[in-house]
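Trainee: What follows is entry39.txt; its format and atoms are compact mmCIF, C-alpha atoms.
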```
# COMPACT_ATOMS: atom_id res chain seq x y z
CA MET A 1 4.32 78.77 211.75
CA ARG A 2 1.93 79.28 214.67
CA PRO A 3 2.67 77.44 217.92
CA VAL A 4 -0.23 75.58 219.55
CA LEU A 5 -0.15 74.09 223.05
CA ILE A 6 -2.68 71.30 223.55
CA THR A 7 -3.23 69.93 227.04
CA GLY A 8 -4.23 66.29 227.30
CA ALA A 9 -2.76 65.74 223.85
CA SER A 10 -1.77 62.14 224.50
CA GLY A 11 -5.45 61.09 224.80
CA GLY A 12 -8.17 60.51 222.20
CA ILE A 13 -9.49 64.01 221.41
CA GLY A 14 -6.14 65.63 222.15
CA ARG A 15 -4.24 63.20 219.93
CA ALA A 16 -6.62 63.76 217.00
CA THR A 17 -6.35 67.51 217.55
CA ALA A 18 -2.55 67.41 217.58
CA ARG A 19 -2.54 65.46 214.33
CA LEU A 20 -4.91 67.85 212.59
CA PHE A 21 -3.14 71.01 213.75
CA ALA A 22 0.20 69.55 212.68
CA LYS A 23 -1.28 68.79 209.27
CA GLN A 24 -2.39 72.43 209.07
CA GLY A 25 1.18 73.60 209.61
CA TYR A 26 1.15 74.46 213.31
CA ALA A 27 4.09 73.76 215.60
CA VAL A 28 2.55 71.47 218.20
CA ALA A 29 3.38 71.16 221.89
CA VAL A 30 1.98 67.79 222.94
CA HIS A 31 1.14 67.92 226.64
CA TYR A 32 1.01 64.83 228.81
CA HIS A 33 0.85 64.15 232.53
CA ARG A 34 1.53 60.47 233.11
CA SER A 35 1.52 59.16 229.51
CA ARG A 36 5.00 60.25 228.53
CA GLU A 37 5.69 57.32 226.20
CA THR A 38 2.39 57.86 224.37
CA ALA A 39 3.13 61.56 223.93
CA GLU A 40 6.67 60.90 222.71
CA SER A 41 5.36 58.33 220.25
CA LEU A 42 2.88 60.88 218.89
CA VAL A 43 5.63 63.47 218.54
CA ARG A 44 7.74 61.00 216.54
CA GLU A 45 4.73 60.33 214.31
CA LEU A 46 4.17 64.05 213.71
CA GLU A 47 7.85 64.67 213.03
CA ALA A 48 7.94 61.78 210.56
CA ALA A 49 5.12 63.53 208.68
CA GLY A 50 7.20 66.71 208.50
CA ALA A 51 5.70 68.63 211.43
CA ASN A 52 7.42 70.48 214.25
CA ALA A 53 6.38 68.94 217.59
CA ILE A 54 7.67 68.54 221.13
CA PRO A 55 6.37 66.67 224.20
CA VAL A 56 5.80 68.76 227.33
CA GLY A 57 4.90 67.21 230.67
CA ALA A 58 2.96 68.85 233.50
CA ASP A 59 0.29 68.33 236.12
CA VAL A 60 -2.14 70.99 234.88
CA SER A 61 -3.55 71.40 238.38
CA ASN A 62 -0.15 72.73 239.48
CA ASP A 63 0.57 76.35 238.56
CA ARG A 64 4.35 75.98 238.79
CA GLU A 65 4.36 73.00 236.42
CA VAL A 66 2.07 74.76 233.94
CA ALA A 67 4.34 77.82 233.98
CA GLU A 68 7.31 75.60 233.19
CA MET A 69 5.38 73.84 230.40
CA VAL A 70 4.59 77.19 228.78
CA ARG A 71 8.21 78.30 229.20
CA GLN A 72 9.49 75.11 227.55
CA THR A 73 7.08 75.49 224.64
CA GLU A 74 7.97 79.12 224.05
CA SER A 75 11.70 78.48 224.33
CA VAL A 76 11.41 76.16 221.31
CA PHE A 77 8.58 77.65 219.23
CA GLY A 78 8.22 81.24 220.40
CA GLU A 79 5.14 82.73 222.02
CA ILE A 80 2.05 80.53 221.90
CA SER A 81 -0.58 81.54 219.36
CA VAL A 82 -3.24 78.97 220.22
CA PHE A 83 -3.89 77.46 223.64
CA ILE A 84 -6.26 74.49 223.82
CA HIS A 85 -7.21 73.21 227.26
CA ASN A 86 -8.44 69.69 226.60
CA ALA A 87 -7.07 67.78 229.60
CA GLY A 88 -9.84 66.20 231.62
CA THR A 89 -10.93 63.47 233.97
CA ALA A 90 -14.33 62.07 234.89
CA SER A 91 -16.12 60.44 237.81
CA GLN A 92 -19.57 58.82 237.76
CA LYS A 93 -20.95 58.91 241.29
CA LEU A 94 -23.78 60.42 243.26
CA LEU A 95 -22.59 63.75 244.60
CA THR A 96 -23.01 62.51 248.18
CA ASP A 97 -20.75 59.53 247.39
CA LEU A 98 -18.03 61.68 245.86
CA PRO A 99 -15.05 62.11 248.23
CA PRO A 100 -13.78 65.69 248.58
CA GLU A 101 -10.44 64.70 247.06
CA GLU A 102 -12.16 63.52 243.87
CA TRP A 103 -14.14 66.76 243.65
CA ARG A 104 -10.92 68.72 244.08
CA ALA A 105 -9.12 66.61 241.48
CA LEU A 106 -11.87 67.21 238.91
CA MET A 107 -11.86 70.95 239.50
CA GLY A 108 -8.07 70.98 239.54
CA VAL A 109 -7.70 69.43 236.10
CA HIS A 110 -10.62 71.13 234.36
CA LEU A 111 -10.82 74.58 235.93
CA ASP A 112 -7.52 75.21 237.68
CA GLY A 113 -5.75 73.87 234.59
CA ALA A 114 -7.64 76.31 232.37
CA TYR A 115 -6.86 79.19 234.72
CA TYR A 116 -3.17 78.37 235.04
CA GLY A 117 -2.75 77.88 231.31
CA CYS A 118 -4.50 81.14 230.49
CA ARG A 119 -2.58 82.97 233.17
CA HIS A 120 0.70 82.12 231.49
CA VAL A 121 -0.20 82.41 227.79
CA ILE A 122 -2.36 85.55 227.88
CA PRO A 123 0.46 88.08 228.50
CA GLY A 124 2.19 87.12 225.25
CA MET A 125 -1.08 87.22 223.34
CA VAL A 126 -1.87 90.67 224.73
CA ARG A 127 1.57 91.94 223.66
CA ARG A 128 0.95 90.70 220.11
CA LYS A 129 -2.73 91.75 220.09
CA TRP A 130 -3.63 88.30 218.76
CA GLY A 131 -4.37 84.84 220.06
CA LYS A 132 -6.86 82.01 220.29
CA ILE A 133 -7.93 80.27 223.49
CA LEU A 134 -10.08 77.15 223.18
CA PHE A 135 -11.61 75.03 225.92
CA VAL A 136 -13.02 71.52 225.58
CA SER A 137 -16.19 71.51 227.66
CA SER A 138 -18.99 68.93 227.30
CA MET A 139 -22.69 68.76 226.52
CA TRP A 140 -23.06 67.89 230.22
CA GLY A 141 -21.68 71.33 230.99
CA VAL A 142 -24.67 72.66 229.08
CA THR A 143 -27.43 70.31 230.24
CA GLY A 144 -26.05 68.63 233.40
CA ALA A 145 -25.87 64.87 233.94
CA SER A 146 -27.17 62.75 236.80
CA CYS A 147 -24.37 61.02 238.70
CA GLU A 148 -21.89 63.37 237.05
CA ALA A 149 -22.63 66.53 239.00
CA ALA A 150 -18.98 67.34 239.66
CA TYR A 151 -17.99 66.76 236.03
CA SER A 152 -20.97 68.81 234.83
CA ALA A 153 -20.06 71.63 237.21
CA ALA A 154 -16.44 71.67 236.03
CA LYS A 155 -17.43 71.70 232.37
CA ALA A 156 -20.05 74.38 232.99
CA GLY A 157 -17.32 76.41 234.65
CA LEU A 158 -15.32 76.31 231.42
CA ILE A 159 -18.33 77.72 229.57
CA GLY A 160 -18.58 80.60 232.04
CA LEU A 161 -14.86 81.21 231.74
CA THR A 162 -15.17 81.24 227.94
CA LYS A 163 -17.81 83.94 227.96
CA ALA A 164 -16.11 86.10 230.57
CA LEU A 165 -12.65 85.91 229.01
CA ALA A 166 -14.07 86.64 225.55
CA LYS A 167 -15.28 89.99 226.90
CA GLU A 168 -12.10 90.61 228.87
CA LEU A 169 -9.70 89.84 226.03
CA GLY A 170 -11.71 91.00 223.03
CA PRO A 171 -10.15 94.50 223.09
CA SER A 172 -6.76 92.80 222.61
CA SER A 173 -8.09 90.89 219.55
CA ILE A 174 -7.89 87.59 221.45
CA GLN A 175 -10.71 85.14 220.77
CA VAL A 176 -11.98 82.69 223.37
CA ASN A 177 -14.34 79.86 222.44
CA CYS A 178 -15.15 76.34 223.52
CA VAL A 179 -16.53 73.14 222.10
CA ALA A 180 -19.05 70.96 223.91
CA PRO A 181 -18.63 67.36 222.71
CA GLY A 182 -21.35 64.78 223.10
CA VAL A 183 -20.71 61.06 223.36
CA ILE A 184 -17.31 60.62 221.73
CA ASP A 185 -15.77 57.23 221.04
CA THR A 186 -12.66 57.57 223.22
CA ALA A 187 -11.10 55.69 226.12
CA MET A 188 -13.74 57.22 228.43
CA CYS A 189 -16.33 55.15 226.57
CA ALA A 190 -14.20 52.01 226.45
CA GLY A 191 -15.86 50.55 229.53
CA LEU A 192 -19.37 50.75 228.08
CA ASP A 193 -20.88 47.51 226.87
CA GLU A 194 -22.21 47.23 223.33
CA ALA A 195 -25.86 47.59 224.36
CA VAL A 196 -25.16 50.90 226.08
CA ARG A 197 -23.17 52.14 223.09
CA ARG A 198 -26.04 51.25 220.75
CA SER A 199 -28.49 53.03 223.03
CA LEU A 200 -26.35 56.18 223.10
CA ALA A 201 -26.02 56.11 219.32
CA GLU A 202 -29.81 55.75 219.00
CA GLU A 203 -30.34 58.74 221.30
CA THR A 204 -28.09 60.82 219.07
CA PRO A 205 -30.08 62.33 216.17
CA LEU A 206 -27.25 61.61 213.72
CA GLY A 207 -27.39 57.97 214.78
CA ARG A 208 -23.77 57.39 215.77
CA LEU A 209 -21.17 58.17 218.39
CA GLY A 210 -18.83 61.03 217.67
CA THR A 211 -15.17 60.56 216.85
CA PRO A 212 -12.15 62.43 218.20
CA GLU A 213 -11.66 63.74 214.67
CA ASP A 214 -15.11 65.37 214.79
CA VAL A 215 -14.03 67.42 217.81
CA ALA A 216 -10.59 68.16 216.37
CA ALA A 217 -12.18 69.59 213.22
CA ALA A 218 -14.32 71.96 215.27
CA LEU A 219 -11.29 73.13 217.26
CA CYS A 220 -9.27 73.64 214.10
CA PHE A 221 -12.04 75.74 212.58
CA LEU A 222 -12.29 77.95 215.67
CA ALA A 223 -8.52 78.46 215.57
CA SER A 224 -8.58 79.38 211.88
CA ASP A 225 -8.70 82.79 210.25
CA GLU A 226 -12.13 81.87 208.89
CA ALA A 227 -13.44 82.06 212.48
CA GLY A 228 -11.96 85.52 212.96
CA PHE A 229 -15.23 87.14 214.09
CA ILE A 230 -16.34 84.39 216.48
CA THR A 231 -15.73 84.68 220.21
CA GLY A 232 -17.45 83.74 223.45
CA GLN A 233 -19.27 80.86 221.78
CA VAL A 234 -20.03 77.26 222.73
CA LEU A 235 -19.99 74.97 219.70
CA GLY A 236 -21.85 71.72 220.29
CA VAL A 237 -20.17 68.71 218.68
CA ASP A 238 -22.74 66.17 219.82
CA GLY A 239 -24.63 64.94 216.77
CA GLY A 240 -27.70 66.77 218.06
CA PHE A 241 -27.79 64.89 221.39
CA ALA A 242 -28.32 68.04 223.49
CA VAL A 243 -30.80 69.75 221.14
```
Before we go any further, please render this structure as structure tokens.
Mentor:
Amino acid sequence: MRPVLITGASGGIGRATARLFAKQGYAVAVHYHRSRETAESLVRELEAAGANAIPVGADVSNDREVAEMVRQTESVFGEISVFIHNAGTASQKLLTDLPPEEWRALMGVHLDGAYYGCRHVIPGMVRRKWGKILFVSSMWGVTGASCEAAYSAAKAGLIGLTKALAKELGPSSIQVNCVAPGVIDTAMCAGLDEAVRRSLAEETPLGRLGTPEDVAAALCFLASDEAGFITGQVLGVDGGFAV
């Protein structure tokens, strides 16, 4: 039984990822920040299906809270084998209209959260000479998006962190990879009207929006033994949007 800690697991991609990893036999730590009831409901669902799961709450932009989240997870499941940093937030504004506090919040969740999580799970992985670290970036981290400069910068930062950590941790047999989703049908897209959704689907070579399950499958593959010689990579899960 390998323990996996998934940040942002109460949301769309995170929830689908938790379900798939549980199905694959992982012990799942379901992270939440404000959505405690949603996380606890997901844990009950996973337990009813025979999985081992616990809810763990933390503000991922706070190092002390992340340290406690990791401690709680390891006190129940043992040292974490797979760490998935999926927690995220978005803001669609011109950079000059973006208040400094929103910039800081974006970087705090995406980048600080990745740093804090890695900081606390890596020592155990190094001791065991094994581990998987996965980041959920975005196609906008690869190509950049107008009116989403801060989001694009944060997601691009995760790609840089992926490549650097893959080199740093490779000698300890720890793999670091990330996925770069395209337009995924989650709550972030809930505010789009039907015409915009159709337009985005038409711009996607595969002709549809992605699903959380599409991203979860990519993460599960990268965490699997079959991906044992893959590290430092960015796997696009975008239906060809960013080609």
Trainee: Find the residues around segment 112-126 of chain A up to 9 Å (all atoms listed in the file counted), leave out those fewer than 5 positions away in its own chain, and share them as a PyMOL selection string.
Mentor: chain A and resi 7+59-64+66-67+70-71+79-87+107+131-133+135+158+161+169+172-174
Trainee: Deliver the residues from the most recent selection as a file, using C-alpha atoms, as a compact mmCIF listing (two decimals), in the coordinates of the input.
Mentor:
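The file below, result.txt, is the result:
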```
# COMPACT_ATOMS: atom_id res chain seq x y z
CA THR A 7 -3.23 69.93 227.04
CA ASP A 59 0.29 68.33 236.12
CA VAL A 60 -2.14 70.99 234.88
CA SER A 61 -3.55 71.40 238.38
CA ASN A 62 -0.15 72.73 239.48
CA ASP A 63 0.57 76.35 238.56
CA ARG A 64 4.35 75.98 238.79
CA VAL A 66 2.07 74.76 233.94
CA ALA A 67 4.34 77.82 233.98
CA VAL A 70 4.59 77.19 228.78
CA ARG A 71 8.21 78.30 229.20
CA GLU A 79 5.14 82.73 222.02
CA ILE A 80 2.05 80.53 221.90
CA SER A 81 -0.58 81.54 219.36
CA VAL A 82 -3.24 78.97 220.22
CA PHE A 83 -3.89 77.46 223.64
CA ILE A 84 -6.26 74.49 223.82
CA HIS A 85 -7.21 73.21 227.26
CA ASN A 86 -8.44 69.69 226.60
CA ALA A 87 -7.07 67.78 229.60
CA MET A 107 -11.86 70.95 239.50
CA GLY A 131 -4.37 84.84 220.06
CA LYS A 132 -6.86 82.01 220.29
CA ILE A 133 -7.93 80.27 223.49
CA PHE A 135 -11.61 75.03 225.92
CA LEU A 158 -15.32 76.31 231.42
CA LEU A 161 -14.86 81.21 231.74
CA LEU A 169 -9.70 89.84 226.03
CA SER A 172 -6.76 92.80 222.61
CA SER A 173 -8.09 90.89 219.55
CA ILE A 174 -7.89 87.59 221.45
```
Trainee: Give me, please, the distance in Å between atom CA of Ala90 of chain A and atom CA of Thr231 of chain A, quoted to one decimal.
Mentor: 27.0 Å
Trainee: Within 9 Å of Val142 of chain A, counting all atoms listed in the file, which residues qualify if same-chain residues fewer than 6 places away don't, as a PyMOL selection string?
Mentor: chain A and resi 152+155-156+159+180+242
Trainee: From the set A:Arg15, A:His33, A:Lys129, A:Arg44, which residue has the shortest atom-to-atom contact distance to Thr89 of chain A, counting all atoms listed in the file?
Mentor: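 Closest candidate: A:His33.
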Trainee: Under the rule that all atoms listed in the file are counted, which of A:Ala195, A:Leu134, A:Cys220, A:Phe241 is the nearest residue to Tyr26 of chain A?
Mentor: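 Result for the nearest residue to Tyr26 of chain A: A:Cys220.
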Trainee: With distances taken over only C-alpha atoms, which of A:Cys147, A:Val43, A:Ala105, A:Val176 is nearest to Ala227 of chain A?
Mentor: A:Val176
Trainee: I'd like to know which of A:Pro3, A:Gly182, A:Gly240, A:Gly170 is closest to Ser75 of chain A, using all atoms listed in the file.
Mentor: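 The answer is A:Pro3, which sits nearest to Ser75 of chain A.
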Trainee: What's the 7 Å shell around Gly210 of chain A, counting all atoms listed in the file, without same-chain residues fewer than 2 positions away, as a VMD selection string?
Mentor: chain A and resid 183 to 185 208 212 214 238
Trainee: Work out where the centre of an axis-aligned box around every listed atom of segment 87-105 of chain A lies and how long its edges are once 4 Å is added on each side; give both in Å to one decimal as JSON.
Mentor:
```
{"center_x": -15.4, "center_y": 63.8, "center_z": 239.1, "size_x": 24.7, "size_y": 17.9, "size_z": 27.0}
```
Trainee: I'd like to know which of A:Ala18, A:Ala49, A:Ala166, A:Leu94 is closest to Cys178 of chain A, using only C-alpha atoms.
Mentor: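 For Cys178 of chain A, the nearest of the candidates is A:Ala166.
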